[in-house]
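*Asks:* Here it is, the structure, as structure tokens.
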Amino acid sequence: MHALLPRAGGFAALAAPVIMWTEFFTHALTRQGYDLLTRPFSDLATRGTPNASEFAVGFFLIPGILTVVVGLGLWFSTREGQAWRLGSILIIAAGVFLFATGVFQQDPGSYLAGLLHGTMSQTCFAIASVAPLVLFFGSMRHNHLGAPRRLWLAAGLAALAIEGIGLAIRPLATYPDGLFQRPFSIVLTIWFVATGAWLIRLASREPVPTTG
């Protein structure tokens, strides 16, 4: 079973962004008045709006499960140190909170629903901004991995910078959440695709490393 998880994690990493972007464009382009650049993703999952539950499933729930599989694939892909394991756990946690974001949908009639949704979403973003850098540092000691370290580093720094800038200017200025979410999601898409391709390539080698 452990030998299959890196390969499964690789395919999950490729599938998750494809499903999310497909869901986004499919629903956003058919939602009257929705701005592709500035409106938050969550507006498409707000209870009482057209196809909100379908969007929540396709954009949050399924990709959340796939992200957990990615984290498990990373955990079992190679024998690495504590930083690598921590990075894998962070990816799993990001998947859990992405899933929870879809479970706790926004509801115009409930303050608590909005609070829970926002908390799950922001926690997911915060974890996802740190995880790529932790994995980068966790892979530095082992040249045999052939991991796309430079891309991991660039994606990690970019995600952390976007998250940090968003948090820093929020008390000072009002801006549409979509302006923050779009570049952040694009950066993570690049990371997922690179990581997925690497996991599949790594899993194709014999024997597939496990944690023993």
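Residue names in the structure tokens use chain letters A, B, ... in the order shown, residue numbers from 1 in each chain, and ligand numbers from 1 in the order shown.
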At a cut-off of 7 Å, using only C-alpha atoms, what residues contact Arg149 (chain A)? Leave out same-chain residues fewer than 3 positions from it and give the result as a ChimeraX atom specification.

*Replies:* /A:136,152-153

*Asks:* Take the residues just selected and output them with N, CA, C and O atoms as a CSV table (one decimal), in the first residue's frame.

*Replies:*
```csv
chain,number,residue,atom,x,y,z
A,136,PHE,N,10.7,22.4,1.0
A,136,PHE,CA,11.9,22.7,0.3
A,136,PHE,C,13.1,22.5,1.3
A,136,PHE,O,14.1,21.9,0.9
A,152,TRP,N,10.0,24.9,-6.1
A,152,TRP,CA,9.3,24.8,-4.7
A,152,TRP,C,9.7,26.1,-4.0
A,152,TRP,O,8.8,26.6,-3.3
A,153,LEU,N,11.0,26.5,-4.0
A,153,LEU,CA,11.4,27.7,-3.3
A,153,LEU,C,10.7,28.9,-3.8
A,153,LEU,O,10.2,29.7,-3.0
```

*Asks:* For Ala154 (chain A), list every protein, DNA or RNA residue within 10 Å, evaluated using only C-alpha atoms, and leave out those in the same chain fewer than 4 positions away; present the list as a list of chain:residue names.

*Replies:*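 Counting only C-alpha atoms, the residues come to A:Pro132, A:Leu133, A:Phe136, A:Arg149, A:Arg150, A:Ala158, A:Ala159, A:Leu160, A:Val187, A:Trp191.
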
*Asks:* Could you write those residues out with all heavy atoms, as an mmCIF file, in the first residue's frame?

*Replies:*
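Output contents, as saved in again_38.cif:
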```cif
data_model
loop_
_atom_site.group_PDB
_atom_site.id
_atom_site.type_symbol
_atom_site.label_atom_id
_atom_site.label_comp_id
_atom_site.auth_asym_id
_atom_site.auth_seq_id
_atom_site.Cartn_x
_atom_site.Cartn_y
_atom_site.Cartn_z
ATOM 1 N N PRO A 132 5.051 24.682 1.272
ATOM 2 C CA PRO A 132 6.069 24.488 0.235
ATOM 3 C C PRO A 132 7.481 24.816 0.693
ATOM 4 O O PRO A 132 8.438 24.127 0.318
ATOM 5 C CB PRO A 132 5.618 25.443 -0.879
ATOM 6 C CG PRO A 132 4.145 25.570 -0.689
ATOM 7 C CD PRO A 132 3.963 25.560 0.799
ATOM 8 N N LEU A 133 7.628 25.849 1.514
ATOM 9 C CA LEU A 133 8.955 26.197 2.007
ATOM 10 C C LEU A 133 9.479 25.149 2.982
ATOM 11 O O LEU A 133 10.674 24.813 2.974
ATOM 12 C CB LEU A 133 8.920 27.576 2.690
ATOM 13 C CG LEU A 133 8.856 28.787 1.766
ATOM 14 C CD1 LEU A 133 8.785 30.070 2.579
ATOM 15 C CD2 LEU A 133 10.064 28.819 0.841
ATOM 16 N N PHE A 136 10.680 22.356 0.962
ATOM 17 C CA PHE A 136 11.936 22.727 0.311
ATOM 18 C C PHE A 136 13.111 22.522 1.253
ATOM 19 O O PHE A 136 14.113 21.876 0.901
ATOM 20 C CB PHE A 136 11.872 24.191 -0.145
ATOM 21 C CG PHE A 136 13.213 24.753 -0.532
ATOM 22 C CD1 PHE A 136 13.781 24.442 -1.759
ATOM 23 C CD2 PHE A 136 13.905 25.583 0.333
ATOM 24 C CE1 PHE A 136 15.030 24.952 -2.113
ATOM 25 C CE2 PHE A 136 15.144 26.100 -0.016
ATOM 26 C CZ PHE A 136 15.706 25.784 -1.234
ATOM 27 N N ARG A 149 13.449 21.703 -6.631
ATOM 28 C CA ARG A 149 13.637 22.553 -5.451
ATOM 29 C C ARG A 149 13.507 24.047 -5.769
ATOM 30 O O ARG A 149 12.949 24.809 -4.988
ATOM 31 C CB ARG A 149 14.997 22.272 -4.816
ATOM 32 C CG ARG A 149 15.100 20.915 -4.145
ATOM 33 C CD ARG A 149 16.401 20.845 -3.337
ATOM 34 N NE ARG A 149 16.528 19.555 -2.704
ATOM 35 C CZ ARG A 149 17.095 18.505 -3.281
ATOM 36 N NH1 ARG A 149 17.559 18.623 -4.503
ATOM 37 N NH2 ARG A 149 17.198 17.359 -2.643
ATOM 38 N N ARG A 150 14.084 24.460 -6.890
ATOM 39 C CA ARG A 150 14.028 25.887 -7.220
ATOM 40 C C ARG A 150 12.583 26.345 -7.397
ATOM 41 O O ARG A 150 12.207 27.434 -6.954
ATOM 42 C CB ARG A 150 14.837 26.166 -8.485
ATOM 43 C CG ARG A 150 16.335 26.002 -8.302
ATOM 44 C CD ARG A 150 17.089 26.350 -9.572
ATOM 45 N NE ARG A 150 18.526 26.202 -9.400
ATOM 46 C CZ ARG A 150 19.419 26.410 -10.358
ATOM 47 N NH1 ARG A 150 19.010 26.819 -11.566
ATOM 48 N NH2 ARG A 150 20.705 26.258 -10.121
ATOM 49 N N ALA A 158 6.709 33.044 -3.025
ATOM 50 C CA ALA A 158 5.633 33.838 -3.621
ATOM 51 C C ALA A 158 4.341 33.703 -2.815
ATOM 52 O O ALA A 158 3.660 34.696 -2.534
ATOM 53 C CB ALA A 158 5.397 33.401 -5.063
ATOM 54 N N ALA A 159 4.001 32.459 -2.432
ATOM 55 C CA ALA A 159 2.784 32.243 -1.656
ATOM 56 C C ALA A 159 2.860 32.942 -0.304
ATOM 57 O O ALA A 159 1.892 33.568 0.146
ATOM 58 C CB ALA A 159 2.546 30.745 -1.465
ATOM 59 N N LEU A 160 4.024 32.842 0.337
ATOM 60 C CA LEU A 160 4.190 33.488 1.644
ATOM 61 C C LEU A 160 4.126 35.003 1.513
ATOM 62 O O LEU A 160 3.529 35.691 2.354
ATOM 63 C CB LEU A 160 5.523 33.057 2.247
ATOM 64 C CG LEU A 160 5.728 33.367 3.731
ATOM 65 C CD1 LEU A 160 4.700 32.627 4.583
ATOM 66 C CD2 LEU A 160 7.134 32.962 4.161
ATOM 67 N N VAL A 187 -0.092 30.471 -8.005
ATOM 68 C CA VAL A 187 1.190 30.003 -7.461
ATOM 69 C C VAL A 187 1.063 28.573 -6.948
ATOM 70 O O VAL A 187 1.917 27.710 -7.227
ATOM 71 C CB VAL A 187 1.664 30.944 -6.335
ATOM 72 C CG1 VAL A 187 2.807 30.302 -5.544
ATOM 73 C CG2 VAL A 187 2.112 32.278 -6.908
ATOM 74 N N TRP A 191 2.822 24.886 -8.043
ATOM 75 C CA TRP A 191 3.440 23.968 -7.077
ATOM 76 C C TRP A 191 2.819 22.582 -7.162
ATOM 77 O O TRP A 191 3.523 21.571 -7.172
ATOM 78 C CB TRP A 191 3.290 24.528 -5.656
ATOM 79 C CG TRP A 191 3.978 23.662 -4.645
ATOM 80 C CD1 TRP A 191 5.275 23.748 -4.231
ATOM 81 C CD2 TRP A 191 3.411 22.559 -3.923
ATOM 82 N NE1 TRP A 191 5.549 22.772 -3.316
ATOM 83 C CE2 TRP A 191 4.424 22.028 -3.103
ATOM 84 C CE3 TRP A 191 2.143 21.978 -3.892
ATOM 85 C CZ2 TRP A 191 4.213 20.941 -2.261
ATOM 86 C CZ3 TRP A 191 1.927 20.886 -3.058
ATOM 87 C CH2 TRP A 191 2.942 20.373 -2.251
#
```

*Asks:* So that I can see what lies close to region 18-24 of chain A, please list as a count of residues only the residues with an atom at most 12 Å from it, counting only C-alpha atoms and leaving out residues fewer than 3 positions away in the same chain.

*Replies:* 47

*Asks:* Env of Leu145 (chain A): 9 Å cut, atoms = only C-alpha atoms, seq-sep filter 6 positions within chain, self excluded. Answer as a list in words.

*Replies:* Thr78, Ser139 and Leu202 of chain A

*Asks:* Can you list every residue in region 130-187 of chain A that DSSP puts in helix (DSSP H, G or I), as a compact mmCIF listing (two decimals) with all heavy atoms, in the first residue's frame?

*Replies:*
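New file selection07.txt:
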```
# COMPACT_ATOMS: atom_id res chain seq x y z
N VAL A 130 2.93 28.22 3.90
CA VAL A 130 4.14 27.82 4.61
C VAL A 130 4.65 26.45 4.14
O VAL A 130 5.87 26.23 4.06
CB VAL A 130 3.88 27.78 6.14
CG1 VAL A 130 5.08 27.22 6.88
CG2 VAL A 130 3.53 29.17 6.64
N ALA A 131 3.73 25.54 3.82
CA ALA A 131 4.09 24.15 3.53
C ALA A 131 5.15 23.99 2.43
O ALA A 131 6.09 23.20 2.59
CB ALA A 131 2.83 23.36 3.19
N PRO A 132 5.05 24.68 1.27
CA PRO A 132 6.07 24.49 0.24
C PRO A 132 7.48 24.82 0.69
O PRO A 132 8.44 24.13 0.32
CB PRO A 132 5.62 25.44 -0.88
CG PRO A 132 4.14 25.57 -0.69
CD PRO A 132 3.96 25.56 0.80
N LEU A 133 7.63 25.85 1.51
CA LEU A 133 8.96 26.20 2.01
C LEU A 133 9.48 25.15 2.98
O LEU A 133 10.67 24.81 2.97
CB LEU A 133 8.92 27.58 2.69
CG LEU A 133 8.86 28.79 1.77
CD1 LEU A 133 8.78 30.07 2.58
CD2 LEU A 133 10.06 28.82 0.84
N VAL A 134 8.60 24.62 3.83
CA VAL A 134 9.03 23.58 4.77
C VAL A 134 9.51 22.34 4.00
O VAL A 134 10.54 21.75 4.32
CB VAL A 134 7.88 23.21 5.73
CG1 VAL A 134 8.30 22.05 6.64
CG2 VAL A 134 7.47 24.41 6.57
N LEU A 135 8.78 21.97 2.95
CA LEU A 135 9.19 20.83 2.12
C LEU A 135 10.50 21.13 1.40
O LEU A 135 11.34 20.24 1.24
CB LEU A 135 8.09 20.49 1.12
CG LEU A 135 6.85 19.80 1.70
CD1 LEU A 135 5.72 19.79 0.69
CD2 LEU A 135 7.19 18.37 2.13
N PHE A 136 10.68 22.36 0.96
CA PHE A 136 11.94 22.73 0.31
C PHE A 136 13.11 22.52 1.25
O PHE A 136 14.11 21.88 0.90
CB PHE A 136 11.87 24.19 -0.15
CG PHE A 136 13.21 24.75 -0.53
CD1 PHE A 136 13.78 24.44 -1.76
CD2 PHE A 136 13.91 25.58 0.33
CE1 PHE A 136 15.03 24.95 -2.11
CE2 PHE A 136 15.14 26.10 -0.02
CZ PHE A 136 15.71 25.78 -1.23
N PHE A 137 13.02 23.06 2.46
CA PHE A 137 14.11 22.90 3.42
C PHE A 137 14.28 21.44 3.85
O PHE A 137 15.39 20.98 4.12
CB PHE A 137 13.87 23.79 4.64
CG PHE A 137 14.09 25.25 4.37
CD1 PHE A 137 13.02 26.14 4.41
CD2 PHE A 137 15.34 25.74 4.05
CE1 PHE A 137 13.21 27.49 4.15
CE2 PHE A 137 15.55 27.08 3.79
CZ PHE A 137 14.48 27.96 3.84
N GLY A 138 13.17 20.69 3.87
CA GLY A 138 13.24 19.29 4.24
C GLY A 138 13.91 18.42 3.20
O GLY A 138 14.32 17.29 3.51
N ASN A 143 20.38 14.89 -2.50
CA ASN A 143 20.43 15.18 -3.93
C ASN A 143 19.75 14.10 -4.77
O ASN A 143 19.37 14.34 -5.91
CB ASN A 143 21.88 15.33 -4.39
CG ASN A 143 22.56 16.55 -3.78
OD1 ASN A 143 21.92 17.56 -3.56
ND2 ASN A 143 23.85 16.44 -3.51
N HIS A 144 19.62 12.89 -4.21
CA HIS A 144 19.06 11.79 -4.99
C HIS A 144 17.57 11.98 -5.30
O HIS A 144 17.03 11.30 -6.16
CB HIS A 144 19.25 10.46 -4.25
CG HIS A 144 18.37 10.33 -3.04
ND1 HIS A 144 18.71 10.87 -1.81
CD2 HIS A 144 17.16 9.72 -2.87
CE1 HIS A 144 17.75 10.60 -0.95
NE2 HIS A 144 16.80 9.90 -1.56
N LEU A 145 16.93 12.90 -4.62
CA LEU A 145 15.49 13.07 -4.81
C LEU A 145 15.15 13.60 -6.21
O LEU A 145 14.12 13.24 -6.77
CB LEU A 145 14.92 14.04 -3.77
CG LEU A 145 14.77 13.51 -2.35
CD1 LEU A 145 14.31 14.62 -1.43
CD2 LEU A 145 13.79 12.36 -2.32
N ARG A 149 13.45 21.70 -6.63
CA ARG A 149 13.64 22.55 -5.45
C ARG A 149 13.51 24.05 -5.77
O ARG A 149 12.95 24.81 -4.99
CB ARG A 149 15.00 22.27 -4.82
CG ARG A 149 15.10 20.92 -4.14
CD ARG A 149 16.40 20.85 -3.34
NE ARG A 149 16.53 19.55 -2.70
CZ ARG A 149 17.09 18.50 -3.28
NH1 ARG A 149 17.56 18.62 -4.50
NH2 ARG A 149 17.20 17.36 -2.64
N ARG A 150 14.08 24.46 -6.89
CA ARG A 150 14.03 25.89 -7.22
C ARG A 150 12.58 26.34 -7.40
O ARG A 150 12.21 27.43 -6.95
CB ARG A 150 14.84 26.17 -8.48
CG ARG A 150 16.34 26.00 -8.30
CD ARG A 150 17.09 26.35 -9.57
NE ARG A 150 18.53 26.20 -9.40
CZ ARG A 150 19.42 26.41 -10.36
NH1 ARG A 150 19.01 26.82 -11.57
NH2 ARG A 150 20.71 26.26 -10.12
N LEU A 151 11.80 25.52 -8.05
CA LEU A 151 10.40 25.88 -8.25
C LEU A 151 9.65 25.85 -6.92
O LEU A 151 8.82 26.72 -6.65
CB LEU A 151 9.75 24.93 -9.25
CG LEU A 151 8.38 25.36 -9.79
CD1 LEU A 151 8.21 24.87 -11.22
CD2 LEU A 151 7.24 24.83 -8.93
N TRP A 152 9.95 24.86 -6.07
CA TRP A 152 9.34 24.81 -4.74
C TRP A 152 9.68 26.07 -3.95
O TRP A 152 8.83 26.65 -3.29
CB TRP A 152 9.83 23.58 -3.99
CG TRP A 152 9.20 22.30 -4.42
CD1 TRP A 152 8.27 22.12 -5.39
CD2 TRP A 152 9.46 21.00 -3.88
NE1 TRP A 152 7.94 20.79 -5.50
CE2 TRP A 152 8.66 20.08 -4.59
CE3 TRP A 152 10.30 20.52 -2.89
CZ2 TRP A 152 8.65 18.72 -4.32
CZ3 TRP A 152 10.32 19.16 -2.61
CH2 TRP A 152 9.50 18.26 -3.33
N LEU A 153 10.96 26.47 -4.02
CA LEU A 153 11.38 27.67 -3.29
C LEU A 153 10.68 28.90 -3.82
O LEU A 153 10.15 29.72 -3.04
CB LEU A 153 12.90 27.83 -3.41
CG LEU A 153 13.49 29.09 -2.77
CD1 LEU A 153 13.22 29.12 -1.27
CD2 LEU A 153 14.99 29.17 -3.05
N ALA A 154 10.64 29.06 -5.14
CA ALA A 154 9.99 30.22 -5.73
C ALA A 154 8.51 30.26 -5.40
O ALA A 154 7.97 31.31 -5.03
CB ALA A 154 10.19 30.21 -7.25
N ALA A 155 7.84 29.10 -5.52
CA ALA A 155 6.40 29.05 -5.21
C ALA A 155 6.16 29.32 -3.74
O ALA A 155 5.20 30.02 -3.37
CB ALA A 155 5.84 27.68 -5.61
N GLY A 156 7.00 28.77 -2.87
CA GLY A 156 6.84 28.98 -1.44
C GLY A 156 7.02 30.43 -1.05
O GLY A 156 6.22 30.99 -0.27
N LEU A 157 8.06 31.07 -1.59
CA LEU A 157 8.30 32.48 -1.28
C LEU A 157 7.18 33.36 -1.82
O LEU A 157 6.74 34.31 -1.15
CB LEU A 157 9.64 32.92 -1.87
CG LEU A 157 10.90 32.34 -1.20
CD1 LEU A 157 12.14 32.76 -1.97
CD2 LEU A 157 11.00 32.77 0.25
N ALA A 158 6.71 33.04 -3.03
CA ALA A 158 5.63 33.84 -3.62
C ALA A 158 4.34 33.70 -2.81
O ALA A 158 3.66 34.70 -2.53
CB ALA A 158 5.40 33.40 -5.06
N ALA A 159 4.00 32.46 -2.43
CA ALA A 159 2.78 32.24 -1.66
C ALA A 159 2.86 32.94 -0.30
O ALA A 159 1.89 33.57 0.15
CB ALA A 159 2.55 30.75 -1.46
N LEU A 160 4.02 32.84 0.34
CA LEU A 160 4.19 33.49 1.64
C LEU A 160 4.13 35.00 1.51
O LEU A 160 3.53 35.69 2.35
CB LEU A 160 5.52 33.06 2.25
CG LEU A 160 5.73 33.37 3.73
CD1 LEU A 160 4.70 32.63 4.58
CD2 LEU A 160 7.13 32.96 4.16
N ALA A 161 4.70 35.54 0.44
CA ALA A 161 4.68 36.99 0.23
C ALA A 161 3.26 37.48 -0.02
O ALA A 161 2.84 38.52 0.52
CB ALA A 161 5.58 37.35 -0.94
N ILE A 162 2.52 36.76 -0.85
CA ILE A 162 1.13 37.16 -1.14
C ILE A 162 0.29 37.13 0.13
O ILE A 162 -0.49 38.06 0.41
CB ILE A 162 0.52 36.24 -2.21
CG1 ILE A 162 1.25 36.43 -3.55
CG2 ILE A 162 -0.97 36.53 -2.39
CD1 ILE A 162 0.91 35.39 -4.59
N GLU A 163 0.45 36.06 0.91
CA GLU A 163 -0.29 35.96 2.17
C GLU A 163 0.10 37.08 3.12
O GLU A 163 -0.76 37.71 3.75
CB GLU A 163 0.00 34.59 2.81
CG GLU A 163 -0.60 34.39 4.19
CD GLU A 163 -2.09 34.14 4.19
OE1 GLU A 163 -2.68 34.06 3.09
OE2 GLU A 163 -2.67 34.05 5.29
N GLY A 164 1.40 37.33 3.24
CA GLY A 164 1.87 38.37 4.15
C GLY A 164 1.40 39.76 3.76
O GLY A 164 0.97 40.56 4.60
N ILE A 165 1.50 40.08 2.47
CA ILE A 165 1.05 41.39 1.99
C ILE A 165 -0.44 41.57 2.22
O ILE A 165 -0.91 42.63 2.64
CB ILE A 165 1.41 41.56 0.51
CG1 ILE A 165 2.92 41.65 0.33
CG2 ILE A 165 0.73 42.80 -0.07
CD1 ILE A 165 3.37 41.62 -1.11
N GLY A 166 -1.20 40.50 1.93
CA GLY A 166 -2.65 40.58 2.14
C GLY A 166 -3.01 40.88 3.57
O GLY A 166 -3.89 41.71 3.85
N LEU A 167 -2.33 40.20 4.51
CA LEU A 167 -2.61 40.42 5.93
C LEU A 167 -2.14 41.80 6.38
O LEU A 167 -2.77 42.44 7.21
CB LEU A 167 -1.93 39.33 6.77
CG LEU A 167 -2.48 37.92 6.61
CD1 LEU A 167 -1.64 36.93 7.41
CD2 LEU A 167 -3.94 37.85 7.07
N ALA A 168 -1.02 42.26 5.82
CA ALA A 168 -0.44 43.54 6.25
C ALA A 168 -1.29 44.74 5.83
O ALA A 168 -1.44 45.70 6.59
CB ALA A 168 0.97 43.69 5.70
N ILE A 169 -1.84 44.68 4.62
CA ILE A 169 -2.58 45.86 4.13
C ILE A 169 -4.06 45.81 4.47
O ILE A 169 -4.76 46.81 4.31
CB ILE A 169 -2.41 46.02 2.61
CG1 ILE A 169 -3.08 44.87 1.85
CG2 ILE A 169 -0.94 46.14 2.25
CD1 ILE A 169 -3.05 45.05 0.34
N ASP A 177 -11.30 40.54 -2.08
CA ASP A 177 -10.55 39.33 -1.73
C ASP A 177 -10.06 38.57 -2.96
O ASP A 177 -9.04 37.89 -2.91
CB ASP A 177 -11.43 38.41 -0.88
CG ASP A 177 -11.62 38.94 0.53
OD1 ASP A 177 -10.81 39.78 0.95
OD2 ASP A 177 -12.57 38.50 1.21
N GLY A 178 -10.80 38.70 -4.06
CA GLY A 178 -10.40 37.99 -5.27
C GLY A 178 -9.04 38.41 -5.78
O GLY A 178 -8.31 37.61 -6.36
N LEU A 179 -8.67 39.68 -5.58
CA LEU A 179 -7.36 40.16 -6.02
C LEU A 179 -6.23 39.44 -5.30
O LEU A 179 -5.12 39.31 -5.84
CB LEU A 179 -7.25 41.67 -5.79
CG LEU A 179 -8.12 42.55 -6.67
CD1 LEU A 179 -7.95 44.02 -6.28
CD2 LEU A 179 -7.78 42.35 -8.15
N PHE A 180 -6.48 38.99 -4.09
CA PHE A 180 -5.51 38.23 -3.32
C PHE A 180 -5.58 36.75 -3.67
O PHE A 180 -4.56 36.07 -3.82
CB PHE A 180 -5.78 38.43 -1.83
CG PHE A 180 -5.30 37.31 -0.95
CD1 PHE A 180 -3.95 37.19 -0.63
CD2 PHE A 180 -6.18 36.38 -0.45
CE1 PHE A 180 -3.51 36.15 0.18
CE2 PHE A 180 -5.76 35.35 0.36
CZ PHE A 180 -4.41 35.23 0.68
N GLN A 181 -6.78 36.23 -3.87
CA GLN A 181 -6.96 34.81 -4.08
C GLN A 181 -6.44 34.33 -5.43
O GLN A 181 -5.91 33.22 -5.55
CB GLN A 181 -8.44 34.43 -3.94
CG GLN A 181 -8.98 34.60 -2.53
CD GLN A 181 -10.46 34.30 -2.45
OE1 GLN A 181 -11.12 34.07 -3.46
NE2 GLN A 181 -11.00 34.31 -1.24
N ARG A 182 -6.58 35.14 -6.47
CA ARG A 182 -6.20 34.69 -7.81
C ARG A 182 -4.70 34.40 -7.92
O ARG A 182 -4.31 33.31 -8.33
CB ARG A 182 -6.64 35.68 -8.89
CG ARG A 182 -8.13 35.97 -8.96
CD ARG A 182 -8.99 34.72 -9.13
NE ARG A 182 -10.38 35.09 -9.29
CZ ARG A 182 -11.25 35.25 -8.30
NH1 ARG A 182 -10.87 35.08 -7.05
NH2 ARG A 182 -12.51 35.58 -8.55
N PRO A 183 -3.83 35.37 -7.59
CA PRO A 183 -2.39 35.07 -7.70
C PRO A 183 -1.95 33.96 -6.75
O PRO A 183 -1.09 33.15 -7.10
CB PRO A 183 -1.71 36.40 -7.37
CG PRO A 183 -2.74 37.21 -6.66
CD PRO A 183 -4.06 36.77 -7.19
N PHE A 184 -2.53 33.92 -5.56
CA PHE A 184 -2.19 32.87 -4.60
C PHE A 184 -2.52 31.50 -5.18
O PHE A 184 -1.73 30.56 -5.11
CB PHE A 184 -2.95 33.10 -3.29
CG PHE A 184 -2.49 32.24 -2.15
CD1 PHE A 184 -1.51 32.67 -1.29
CD2 PHE A 184 -3.03 30.98 -1.95
CE1 PHE A 184 -1.07 31.87 -0.24
CE2 PHE A 184 -2.62 30.18 -0.90
CZ PHE A 184 -1.63 30.62 -0.04
N SER A 185 -3.69 31.38 -5.78
CA SER A 185 -4.12 30.10 -6.34
C SER A 185 -3.28 29.71 -7.55
O SER A 185 -2.99 28.52 -7.76
CB SER A 185 -5.60 30.17 -6.74
OG SER A 185 -6.41 30.41 -5.61
N ILE A 186 -2.86 30.69 -8.35
CA ILE A 186 -2.01 30.40 -9.50
C ILE A 186 -0.66 29.85 -9.04
O ILE A 186 -0.13 28.88 -9.59
CB ILE A 186 -1.83 31.65 -10.36
CG1 ILE A 186 -3.15 32.01 -11.06
CG2 ILE A 186 -0.72 31.45 -11.40
CD1 ILE A 186 -3.12 33.34 -11.77
N VAL A 187 -0.09 30.47 -8.00
CA VAL A 187 1.19 30.00 -7.46
C VAL A 187 1.06 28.57 -6.95
O VAL A 187 1.92 27.71 -7.23
CB VAL A 187 1.66 30.94 -6.33
CG1 VAL A 187 2.81 30.30 -5.54
CG2 VAL A 187 2.11 32.28 -6.91
```

*Asks:* Tell me which of A:Ile127, A:Ala100, A:Tyr111, A:Thr119 sits closest to Leu86 (chain A), counting only C-alpha atoms.

*Replies:* A:Ile127

*Asks:* Distance CA of Thr123 (chain A)-CA of Ser77 (chain A), one decimal place?

*Replies:* 25.9 Å

*Asks:* In Å to one decimal, how far is CA of Ala128 (chain A) from CA of Gly48 (chain A)?

*Replies:*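 For CA of Gly48 (chain A) relative to CA of Ala128 (chain A), the distance reads 29.0 Å.
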
*Asks:* At what distance in Å, to one decimal, does CA of Pro6 (chain A) lie from CA of Ala197 (chain A)?

*Replies:*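 Distance reported for this atom pair: 10.7 Å.
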
*Asks:* Might you pull out every residue within 8 Å of Cys124 (chain A), with only C-alpha atoms counted and same-chain residues fewer than 6 positions away left off, and present them as a ChimeraX atom specification?

*Replies:* /A:93-95,97-98
